[in-house]
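One file, work_23.txt, is given below (compact mmCIF, C-alpha atoms and all ligand atoms).
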# COMPACT_ATOMS: atom_id res chain seq x y z
CA MET A 11 18.70 -21.40 -27.79
CA ALA A 12 17.03 -18.00 -27.45
CA LYS A 13 16.43 -16.58 -30.93
CA ILE A 14 16.54 -12.88 -31.80
CA ILE A 15 13.53 -11.78 -33.85
CA SER A 16 14.46 -8.07 -34.01
CA GLN A 17 16.54 -6.70 -36.89
CA THR A 18 20.02 -8.27 -37.05
CA VAL A 19 23.19 -7.72 -39.11
CA SER A 20 26.20 -10.02 -39.12
CA ASN A 21 28.91 -7.30 -39.12
CA ILE A 22 28.37 -6.01 -35.56
CA PRO A 23 31.47 -4.99 -33.61
CA TRP A 24 32.61 -7.99 -31.62
CA GLU A 25 35.24 -9.45 -29.34
CA ASP A 26 34.97 -12.94 -27.82
CA LYS A 27 34.57 -13.35 -24.09
CA PRO A 28 37.94 -13.56 -22.35
CA ASN A 29 38.88 -17.07 -21.26
CA LYS A 30 37.25 -18.14 -17.99
CA TYR A 31 35.51 -14.76 -17.61
CA PRO A 32 32.69 -15.58 -15.18
CA TYR A 33 29.99 -13.04 -16.10
CA ALA A 34 27.33 -12.77 -18.80
CA MET A 35 28.52 -9.43 -20.20
CA TRP A 36 32.09 -8.35 -20.93
CA ARG A 37 33.72 -5.10 -22.02
CA TYR A 38 35.57 -4.34 -25.24
CA SER A 39 39.28 -4.46 -24.44
CA LYS A 40 39.96 -1.22 -26.36
CA ASN A 41 37.32 0.87 -24.58
CA PRO A 42 36.44 3.66 -24.78
CA VAL A 43 35.55 3.62 -28.49
CA ILE A 44 34.53 7.29 -28.69
CA PRO A 45 36.73 9.83 -26.94
CA ARG A 46 35.35 12.98 -25.39
CA ASP A 47 36.87 15.25 -28.05
CA ALA A 48 35.80 13.48 -31.25
CA THR A 49 34.35 16.75 -32.56
CA PRO A 50 36.15 20.13 -32.43
CA THR A 51 33.69 21.54 -29.88
CA SER A 52 32.82 18.50 -27.76
CA ASN A 53 33.47 18.35 -24.05
CA SER A 54 32.12 14.80 -23.87
CA ILE A 55 30.36 12.21 -26.07
CA PHE A 56 28.38 9.56 -24.20
CA ASN A 57 24.87 8.05 -23.71
CA SER A 58 24.55 7.67 -27.48
CA ALA A 59 22.55 5.53 -29.92
CA VAL A 60 23.80 3.39 -32.82
CA VAL A 61 21.86 1.42 -35.47
CA PRO A 62 22.79 -0.60 -38.56
CA PHE A 63 22.64 1.73 -41.59
CA LYS A 64 23.41 0.86 -45.22
CA ASP A 65 26.48 -1.43 -45.14
CA GLY A 66 27.69 0.01 -41.82
CA PHE A 67 26.28 1.95 -38.91
CA ALA A 68 24.83 5.37 -38.13
CA GLY A 69 24.17 6.98 -34.82
CA VAL A 70 22.83 9.92 -32.88
CA PHE A 71 25.34 11.05 -30.30
CA ARG A 72 24.99 13.05 -27.15
CA CYS A 73 27.64 15.70 -27.65
CA ASP A 74 27.94 18.15 -24.79
CA THR A 75 29.94 21.16 -25.95
CA ARG A 76 32.78 23.01 -24.26
CA CYS A 77 30.07 25.55 -23.34
CA ARG A 78 28.43 22.54 -21.65
CA ALA A 79 25.39 22.77 -23.93
CA MET A 80 23.71 19.35 -24.35
CA ASN A 81 22.89 18.54 -27.97
CA LEU A 82 22.62 15.69 -30.51
CA ASN A 83 24.94 15.10 -33.48
CA ALA A 84 24.67 12.45 -36.20
CA GLY A 85 27.60 10.18 -37.00
CA PHE A 86 28.62 7.32 -39.28
CA SER A 87 30.86 4.28 -39.10
CA LYS A 88 31.80 1.33 -41.30
CA ASP A 89 32.60 -1.03 -38.41
CA GLY A 90 30.70 0.39 -35.41
CA ILE A 91 34.00 1.15 -33.67
CA HIS A 92 35.62 4.00 -35.62
CA TRP A 93 33.24 6.95 -35.89
CA GLU A 94 32.96 10.15 -37.92
CA ILE A 95 30.74 12.42 -35.88
CA ASN A 96 29.35 15.54 -37.54
CA PRO A 97 30.81 18.67 -35.96
CA ASP A 98 27.43 20.44 -36.05
CA PRO A 99 24.35 19.36 -34.15
CA ILE A 100 21.28 17.94 -35.89
CA VAL A 101 18.82 20.54 -37.19
CA PHE A 102 15.30 19.33 -36.52
CA GLU A 103 12.57 20.41 -38.96
CA GLY A 104 9.01 20.86 -37.76
CA ASP A 105 6.72 23.12 -35.77
CA PRO A 106 9.02 25.86 -34.36
CA GLU A 107 7.17 25.74 -31.06
CA ILE A 108 8.39 22.17 -30.66
CA THR A 109 11.76 22.33 -32.40
CA ALA A 110 12.94 25.36 -30.35
CA TYR A 111 16.15 24.25 -28.63
CA GLU A 112 16.45 24.26 -24.85
CA TYR A 113 18.59 21.13 -24.48
CA ARG A 114 18.66 17.63 -25.91
CA TYR A 115 20.29 14.55 -24.44
CA ASP A 116 20.36 10.76 -24.04
CA PRO A 117 19.11 9.76 -27.53
CA ARG A 118 17.83 6.35 -28.58
CA VAL A 119 17.32 5.31 -32.21
CA CYS A 120 14.73 2.73 -33.23
CA PHE A 121 14.00 1.43 -36.73
CA ILE A 122 10.24 0.95 -37.20
CA GLU A 123 8.71 -0.11 -40.51
CA ASP A 124 10.57 2.15 -42.98
CA ARG A 125 12.41 4.79 -40.97
CA TYR A 126 14.57 5.53 -37.97
CA TYR A 127 12.89 7.17 -35.00
CA ILE A 128 14.90 9.14 -32.48
CA SER A 129 13.66 9.60 -28.93
CA TRP A 130 15.54 11.75 -26.44
CA CYS A 131 15.25 13.81 -23.33
CA ASN A 132 14.02 17.14 -24.69
CA GLY A 133 13.99 20.40 -22.80
CA TYR A 134 10.49 21.89 -23.05
CA HIS A 135 9.84 23.79 -19.82
CA GLY A 136 11.54 20.88 -18.14
CA PRO A 137 12.68 17.53 -19.46
CA THR A 138 10.24 15.48 -21.54
CA ILE A 139 10.46 12.95 -24.38
CA GLY A 140 11.23 14.38 -27.83
CA LEU A 141 10.53 12.31 -30.96
CA ALA A 142 11.73 12.67 -34.54
CA TRP A 143 12.32 10.50 -37.58
CA THR A 144 14.87 10.29 -40.36
CA LYS A 145 15.51 8.03 -43.32
CA ASP A 146 19.04 9.22 -44.14
CA PHE A 147 20.52 10.73 -40.94
CA GLN A 148 20.73 14.05 -42.84
CA HIS A 149 17.16 15.30 -42.54
CA PHE A 150 15.33 14.95 -39.25
CA HIS A 151 11.60 15.60 -38.84
CA GLN A 152 10.53 16.35 -35.32
CA LEU A 153 7.14 15.20 -33.98
CA GLU A 154 5.23 16.42 -30.95
CA ASN A 155 6.76 15.72 -27.57
CA ALA A 156 5.35 12.40 -26.42
CA PHE A 157 4.56 13.34 -22.84
CA LEU A 158 4.07 16.25 -20.49
CA PRO A 159 7.18 17.29 -18.61
CA TYR A 160 8.76 15.77 -16.62
CA ASN A 161 9.91 12.56 -18.20
CA ARG A 162 13.18 10.90 -19.25
CA ASN A 163 14.44 7.68 -20.82
CA GLY A 164 11.70 7.32 -23.45
CA VAL A 165 12.48 4.20 -25.46
CA LEU A 166 10.37 2.99 -28.41
CA PHE A 167 9.66 -0.67 -29.22
CA PRO A 168 10.77 -1.64 -32.77
CA ARG A 169 7.29 -2.74 -33.92
CA LYS A 170 3.65 -2.10 -33.16
CA ILE A 171 2.33 -4.30 -30.35
CA ASN A 172 -1.34 -5.25 -30.54
CA GLY A 173 -1.75 -2.69 -33.35
CA ARG A 174 -0.17 0.30 -31.56
CA TYR A 175 3.24 1.91 -31.27
CA ALA A 176 4.74 1.31 -27.85
CA MET A 177 7.20 3.13 -25.62
CA VAL A 178 8.57 2.80 -22.12
CA SER A 179 9.52 5.93 -20.20
CA ARG A 180 10.36 7.18 -16.75
CA PRO A 181 8.26 10.01 -15.27
CA SER A 182 10.58 12.25 -13.24
CA ASP A 183 11.09 15.78 -11.95
CA THR A 184 13.11 18.88 -12.87
CA GLY A 185 16.23 17.95 -10.91
CA HIS A 186 18.56 15.02 -10.34
CA THR A 187 15.57 12.81 -9.72
CA ALA A 188 15.86 10.56 -6.68
CA PHE A 189 13.03 8.20 -7.72
CA GLY A 190 11.70 6.61 -10.87
CA ASP A 191 9.74 3.63 -12.20
CA ILE A 192 9.47 2.39 -15.78
CA PHE A 193 6.02 2.77 -17.40
CA TYR A 194 4.66 1.48 -20.71
CA SER A 195 2.49 3.62 -23.05
CA GLU A 196 0.76 3.04 -26.38
CA SER A 197 -0.02 5.28 -29.35
CA PRO A 198 -1.98 4.80 -32.59
CA ASP A 199 0.07 7.45 -34.42
CA LEU A 200 3.23 8.34 -32.41
CA GLU A 201 1.53 11.59 -31.38
CA PHE A 202 -1.14 10.73 -28.81
CA TRP A 203 0.07 8.46 -26.03
CA GLY A 204 -2.05 6.67 -23.44
CA ARG A 205 -3.05 3.33 -21.89
CA HIS A 206 -0.16 3.74 -19.44
CA ARG A 207 0.87 0.62 -17.56
CA HIS A 208 3.39 0.15 -14.77
CA VAL A 209 6.33 -2.09 -15.71
CA MET A 210 8.88 -2.02 -12.86
CA ALA A 211 9.78 -0.07 -9.74
CA PRO A 212 13.26 0.28 -8.25
CA PHE A 213 14.01 -2.59 -5.91
CA ARG A 214 14.32 -1.28 -2.39
CA GLY A 215 16.24 -4.01 -0.67
CA ASN A 216 19.56 -5.71 -0.23
CA ASP A 217 18.82 -8.39 -2.81
CA SER A 218 19.38 -5.92 -5.66
CA ALA A 219 20.59 -2.64 -4.19
CA TRP A 220 22.23 -1.43 -7.43
CA GLN A 221 18.71 -0.57 -8.66
CA SER A 222 17.28 0.75 -5.38
CA THR A 223 16.88 4.47 -6.17
CA LYS A 224 15.58 4.67 -9.76
CA ILE A 225 15.57 2.69 -12.99
CA GLY A 226 15.27 3.66 -16.67
CA ALA A 227 15.12 1.78 -19.97
CA GLY A 228 18.33 1.59 -22.00
CA PRO A 229 18.50 0.45 -25.63
CA THR A 230 15.51 -0.32 -27.87
CA PRO A 231 14.06 -3.57 -26.44
CA ILE A 232 15.25 -6.63 -28.36
CA GLU A 233 12.51 -9.03 -29.47
CA THR A 234 13.41 -12.68 -28.83
CA ASP A 235 11.26 -15.78 -29.09
CA GLU A 236 11.14 -15.83 -25.26
CA GLY A 237 10.18 -12.17 -24.67
CA TRP A 238 11.41 -8.59 -25.03
CA LEU A 239 14.94 -8.33 -23.72
CA LEU A 240 15.16 -4.99 -21.93
CA PHE A 241 18.51 -3.70 -20.74
CA TYR A 242 18.03 -0.88 -18.23
CA HIS A 243 20.07 1.26 -15.88
CA GLY A 244 19.60 1.25 -12.15
CA VAL A 245 20.85 3.74 -9.60
CA LEU A 246 22.21 3.26 -6.09
CA ASN A 247 22.48 6.27 -3.80
CA SER A 248 25.84 5.80 -2.09
CA CYS A 249 27.62 8.11 0.34
CA ASN A 250 29.57 9.26 -2.71
CA GLY A 251 26.43 10.11 -4.73
CA PHE A 252 24.52 8.24 -7.43
CA VAL A 253 26.07 5.09 -8.94
CA TYR A 254 24.67 4.04 -12.35
CA SER A 255 24.91 0.34 -13.25
CA PHE A 256 22.89 -1.65 -15.73
CA GLY A 257 21.13 -4.99 -15.86
CA ALA A 258 18.35 -6.69 -17.77
CA ALA A 259 14.79 -7.99 -17.65
CA LEU A 260 12.64 -10.11 -19.97
CA LEU A 261 9.17 -8.71 -20.74
CA ASP A 262 6.10 -10.51 -22.05
CA LEU A 263 5.85 -10.26 -25.86
CA GLU A 264 2.19 -9.21 -26.06
CA LYS A 265 1.91 -7.45 -22.68
CA PRO A 266 5.37 -5.92 -22.24
CA TRP A 267 4.40 -4.37 -18.90
CA LYS A 268 4.47 -7.92 -17.47
CA VAL A 269 7.97 -8.80 -16.26
CA LEU A 270 8.88 -12.45 -16.82
CA TYR A 271 12.40 -12.31 -15.33
CA ARG A 272 14.53 -9.58 -13.81
CA GLY A 273 18.20 -10.02 -12.97
CA ALA A 274 19.15 -9.45 -9.32
CA PRO A 275 22.86 -8.74 -9.99
CA TYR A 276 23.90 -6.00 -12.40
CA LEU A 277 25.51 -6.90 -15.73
CA ILE A 278 27.92 -3.94 -15.74
CA SER A 279 28.71 -1.52 -12.94
CA PRO A 280 31.30 1.28 -12.93
CA GLN A 281 34.60 -0.47 -12.30
CA MET A 282 37.04 0.57 -15.01
CA GLN A 283 38.82 3.87 -14.71
CA TYR A 284 36.94 5.37 -17.69
CA GLU A 285 33.65 4.48 -15.96
CA CYS A 286 34.68 5.81 -12.57
CA VAL A 287 36.54 8.98 -13.53
CA GLY A 288 35.04 11.69 -15.71
CA ASP A 289 32.63 14.59 -15.55
CA VAL A 290 30.20 12.50 -13.49
CA PRO A 291 32.05 9.63 -11.77
CA ASN A 292 30.65 6.11 -11.51
CA VAL A 293 28.20 6.04 -14.43
CA THR A 294 27.58 3.22 -16.92
CA PHE A 295 24.53 4.15 -19.01
CA PRO A 296 23.44 1.96 -21.99
CA CYS A 297 21.51 3.57 -24.86
CA ALA A 298 21.91 1.20 -27.84
CA ALA A 299 22.47 -2.41 -28.82
CA VAL A 300 23.11 -3.97 -32.23
CA CYS A 301 22.39 -7.67 -32.75
CA ALA A 302 23.66 -10.44 -35.01
CA PRO A 303 21.60 -13.34 -36.44
CA ASP A 304 23.46 -15.85 -34.23
CA GLY A 305 22.34 -14.03 -31.06
CA ARG A 306 25.41 -11.86 -30.40
CA ILE A 307 24.69 -8.43 -28.94
CA ALA A 308 27.02 -5.39 -28.91
CA MET A 309 26.00 -2.70 -26.44
CA TYR A 310 26.96 0.98 -26.50
CA TYR A 311 27.05 2.68 -23.12
CA GLY A 312 28.06 6.05 -21.76
CA CYS A 313 30.97 6.02 -19.31
CA ALA A 314 31.23 8.61 -16.50
CA ASP A 315 29.21 11.08 -18.64
CA THR A 316 32.39 11.59 -20.69
CA VAL A 317 33.13 8.86 -23.27
CA THR A 318 31.37 5.92 -24.96
CA GLY A 319 32.20 2.24 -24.43
CA LEU A 320 31.20 -1.10 -25.91
CA ALA A 321 30.23 -4.29 -24.10
CA PHE A 322 29.17 -7.69 -25.41
CA THR A 323 26.83 -10.55 -24.56
CA THR A 324 24.53 -12.98 -26.34
CA ALA A 325 20.75 -13.29 -26.10
CA GLU A 326 21.19 -16.85 -24.86
CA GLU A 327 23.66 -15.93 -22.14
CA THR A 328 21.70 -12.96 -20.85
CA ILE A 329 18.38 -14.83 -20.80
CA GLN A 330 20.02 -17.76 -19.00
CA PHE A 331 21.53 -15.25 -16.54
CA LEU A 332 18.03 -13.83 -15.92
CA LYS A 333 16.55 -17.28 -15.32
CA ASP A 334 19.39 -18.25 -12.97
CA ASN A 335 19.30 -14.96 -11.04
CA ASN A 336 15.65 -13.94 -11.10
CA LEU A 337 14.79 -11.25 -8.58
CA LYS A 338 11.75 -12.14 -6.49
CA VAL A 339 9.60 -8.99 -6.41
CA GLN A 340 6.64 -9.02 -3.97
C1 LIG B 401 20.92 11.25 -15.58
C2 LIG B 401 21.03 11.74 -17.01
C3 LIG B 401 22.11 10.99 -17.72
C4 LIG B 401 23.39 10.94 -16.94
C5 LIG B 401 23.14 10.54 -15.50
C6 LIG B 401 24.38 10.62 -14.65
O1 LIG B 401 19.96 11.99 -14.87
O2 LIG B 401 21.33 13.12 -17.00
O3 LIG B 401 22.37 11.64 -18.94
O4 LIG B 401 24.26 9.99 -17.52
O5 LIG B 401 22.16 11.37 -14.94
O6 LIG B 401 24.87 11.93 -14.57

Please re-express this file's structure in C-alpha cells.
Ligand code: BMA
Amino acid sequence: MAKIISQTVSNIPWEDKPNKYPYAMWRYSKNPVIPRDATPTSNSIFNSAVVPFKDGFAGVFRCDTRCRAMNLNAGFSKDGIHWEINPDPIVFEGDPEITAYEYRYDPRVCFIEDRYYISWCNGYHGPTIGLAWTKDFQHFHQLENAFLPYNRNGVLFPRKINGRYAMVSRPSDTGHTAFGDIFYSESPDLEFWGRHRHVMAPFRGNDSAWQSTKIGAGPTPIETDEGWLLFYHGVLNSCNGFVYSFGAALLDLEKPWKVLYRGAPYLISPQMQYECVGDVPNVTFPCAAVCAPDGRIAMYYGCADTVTGLAFTTAEETIQFLKDNNLKVQ
C-alpha cells in the first residue's frame, strides 16, 4: 500500500467511489462546491487552493470580479465543502515595487516548516511567479517574484529537498501560450532560484494526446513512500480551442526532475456540464489536494474558468493507475 508522508488530516471532504465506477478518480456528486457568485463582486471563483487550517480548512481563491479583474481572496471552511470567502482581496505587505497589483491568478498554497506559502501567477510586466507567506490567512507577506517573466504554474514542494526549497514551474509567454514544459528549480532562501532541471515535456503523439500542447503542475506535490505524486494539467489543441484535462506522474523523491511513472490516460477531462460550459469552456484545472492518513485524496479543481469542483482518489489507486498505464517517453 502506497503511504502518504506529506501532511494529512482525517476530516477531508470525501465521498466513496460510486459502485462499479471504472476509473481511478471520481467527482463529487454535488459539484460544483463553490459557485461563481460566492462573493458580492465575483464573476467566477475557480483554480483555487485549499489547505488544512486549525480544525478545518483555509484557502486562497482566484476570484475574478465583475470588472473581470483577476485577484486572490482568502476563505475559510469547517468541512472543506461549504466556504466563507472574504469579499475583499488579500492585501499583500512588502516592497511596494513587488506588491503593486497588475493581476494575480491561479494560486497554490503549501505548508512548509511553520507557515503557509502562496505561489501564484503574478502580473509583473508579464506573468511570473509571485510568492508570499502567511501564518493566519489574515496577514500576507510578499516575497520577491521567483522568476523573470514569463512563467506560470509555480508550485512549491512541501519540504526542502537535499537542503534546498524546491519548486516546479512552466516558462511561458505573454499570451495564451501554445507550448510549455515543467521545470524544477531550487533555492536556499525562497528568493534566489537556480539549478533548473527539465522534468517533463508535453507528449506529442496519439498515445497521450490530452497533454500534447502544454503541461503545468497542479497541487503541491504529495510525498509518498514511492515518490512525489504530481497531479498536473495537460492541454490538447482541438478544432474548438484548448481543452484542459489533468493526470498524474510519480517523481523521484531525491531527484524530483526524474519521472518514475507518467499516466497515459487523463484522470479527469471536461465532461460534465459545469466543466464544459462557462467563461472558458472545456477546462478542468487542479490547484490543491488535501490528504488523509489512510491515503485518501480530495482534489480541488477549477471548472470552465467559472466554478470550483471536488474530485477524489487514493494514493494507492492513482499510483497503481500510473504503473498500469505508464507512458513510454523516448
Ligand atoms: C490558462 C490560465 C488558467 C485558465 C486556463 C484556461 O492559461 O489562464 O487560469 O484556467 O488558461 O483558460

Neighbour list for Tyr175 in chain A as a PyMOL selection string, cut-off 10 Å, only C-alpha atoms, skip fewer than 2 positions in-chain | chain A and resi 122+166-173+177+195-201+203

Identify, on the basis of only C-alpha atoms, every residue whose closest approach to range 152-163 of chain A does not exceed 8 Å; exclude the query and any residue fewer than 6 positions from it along the same chain; express the result as a PyMOL selection string.
-> chain A and resi 102-105+108-109+116+130-132+134-143+178-184+200-203+226-228

Nearest to Thr318 in chain A among A:Arg306, A:Lys145, A:Arg37, A:Arg114, with distances taken over all atoms listed in the file: which residue is it?
->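 Among the listed residues, A:Arg37 lies closest to Thr318 in chain A.
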
Using all atoms listed in the file, can you list as number ranges by chain the residues within 12 Å of (25.1, -2.6, -47.4)?
-> A: 19-21, 62-67, 88-89

Contacts to ligand LIG 401 (chain B) at 9 Å cut-off (all atoms listed in the file) as a PyMOL selection string | chain A and resi 56-57+72+115-116+131+162-163+185-187+252-254+289-295+312-316

Pick from A:Phe241, A:Phe213, A:Tyr194, A:Phe322 nearest to Lys268 in chain A, counting only C-alpha atoms =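 Result for the nearest residue to Lys268 in chain A: A:Tyr194.
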
With only C-alpha atoms as the atoms that count, which of A:Asn81, A:Val165, A:Thr223, A:Val70 lies nearest to Thr144 in chain A?
->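 For Thr144 in chain A, the nearest of the given residues is A:Val70.
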
Select all residues near (38.1, -6.1, -23.2) (cut-off 10 Å, inclusive, file coordinates), counting all atoms listed in the file, and output them as a ChimeraX atom specification.
-> /A:25-28,36-41,320-322

Can you pull out every residue within 9 Å of Gly237 in chain A, counting all atoms listed in the file, but drop anything in the same chain fewer than 3 positions away, and send it as a list in words?
-> Ile232, Glu233, Thr234, Leu260, Leu261, Asp262, Leu263, Glu264, Pro266 and Leu270 of chain A

Cut-off 12 Å: closest range 163-232 of chain A/range 325-340 of chain A atom pairs per residue, using only C-alpha atoms, as JSON lines:
{"residue": "A:Met210", "atom": "CA", "partner": "A:Val339", "partner_atom": "CA", "distance": 9.5}
{"residue": "A:Ala211", "atom": "CA", "partner": "A:Val339", "partner_atom": "CA", "distance": 9.5}
{"residue": "A:Pro212", "atom": "CA", "partner": "A:Val339", "partner_atom": "CA", "distance": 10.1}
{"residue": "A:Phe213", "atom": "CA", "partner": "A:Val339", "partner_atom": "CA", "distance": 7.8}
{"residue": "A:Arg214", "atom": "CA", "partner": "A:Val339", "partner_atom": "CA", "distance": 9.9}
{"residue": "A:Gly215", "atom": "CA", "partner": "A:Val339", "partner_atom": "CA", "distance": 10.1}
{"residue": "A:Asn216", "atom": "CA", "partner": "A:Leu337", "partner_atom": "CA", "distance": 11.1}
{"residue": "A:Asp217", "atom": "CA", "partner": "A:Leu337", "partner_atom": "CA", "distance": 7.6}
{"residue": "A:Ser218", "atom": "CA", "partner": "A:Leu337", "partner_atom": "CA", "distance": 7.6}
{"residue": "A:Ala219", "atom": "CA", "partner": "A:Leu337", "partner_atom": "CA", "distance": 11.3}
{"residue": "A:Gln221", "atom": "CA", "partner": "A:Leu337", "partner_atom": "CA", "distance": 11.4}
{"residue": "A:Pro231", "atom": "CA", "partner": "A:Ala325", "partner_atom": "CA", "distance": 11.8}
{"residue": "A:Ile232", "atom": "CA", "partner": "A:Ala325", "partner_atom": "CA", "distance": 8.9}

Taking all listed atoms of range 27-43 of chain A, build the axis-aligned box, pad each of the six sides by 5 Å, then write its centre and edge lengths in Å to one decimal as lines of an AutoDock Vina configuration file.
center_x = 33.6
center_y = -7.2
center_z = -21.8
size_x = 22.6
size_y = 31.8
size_z = 23.3
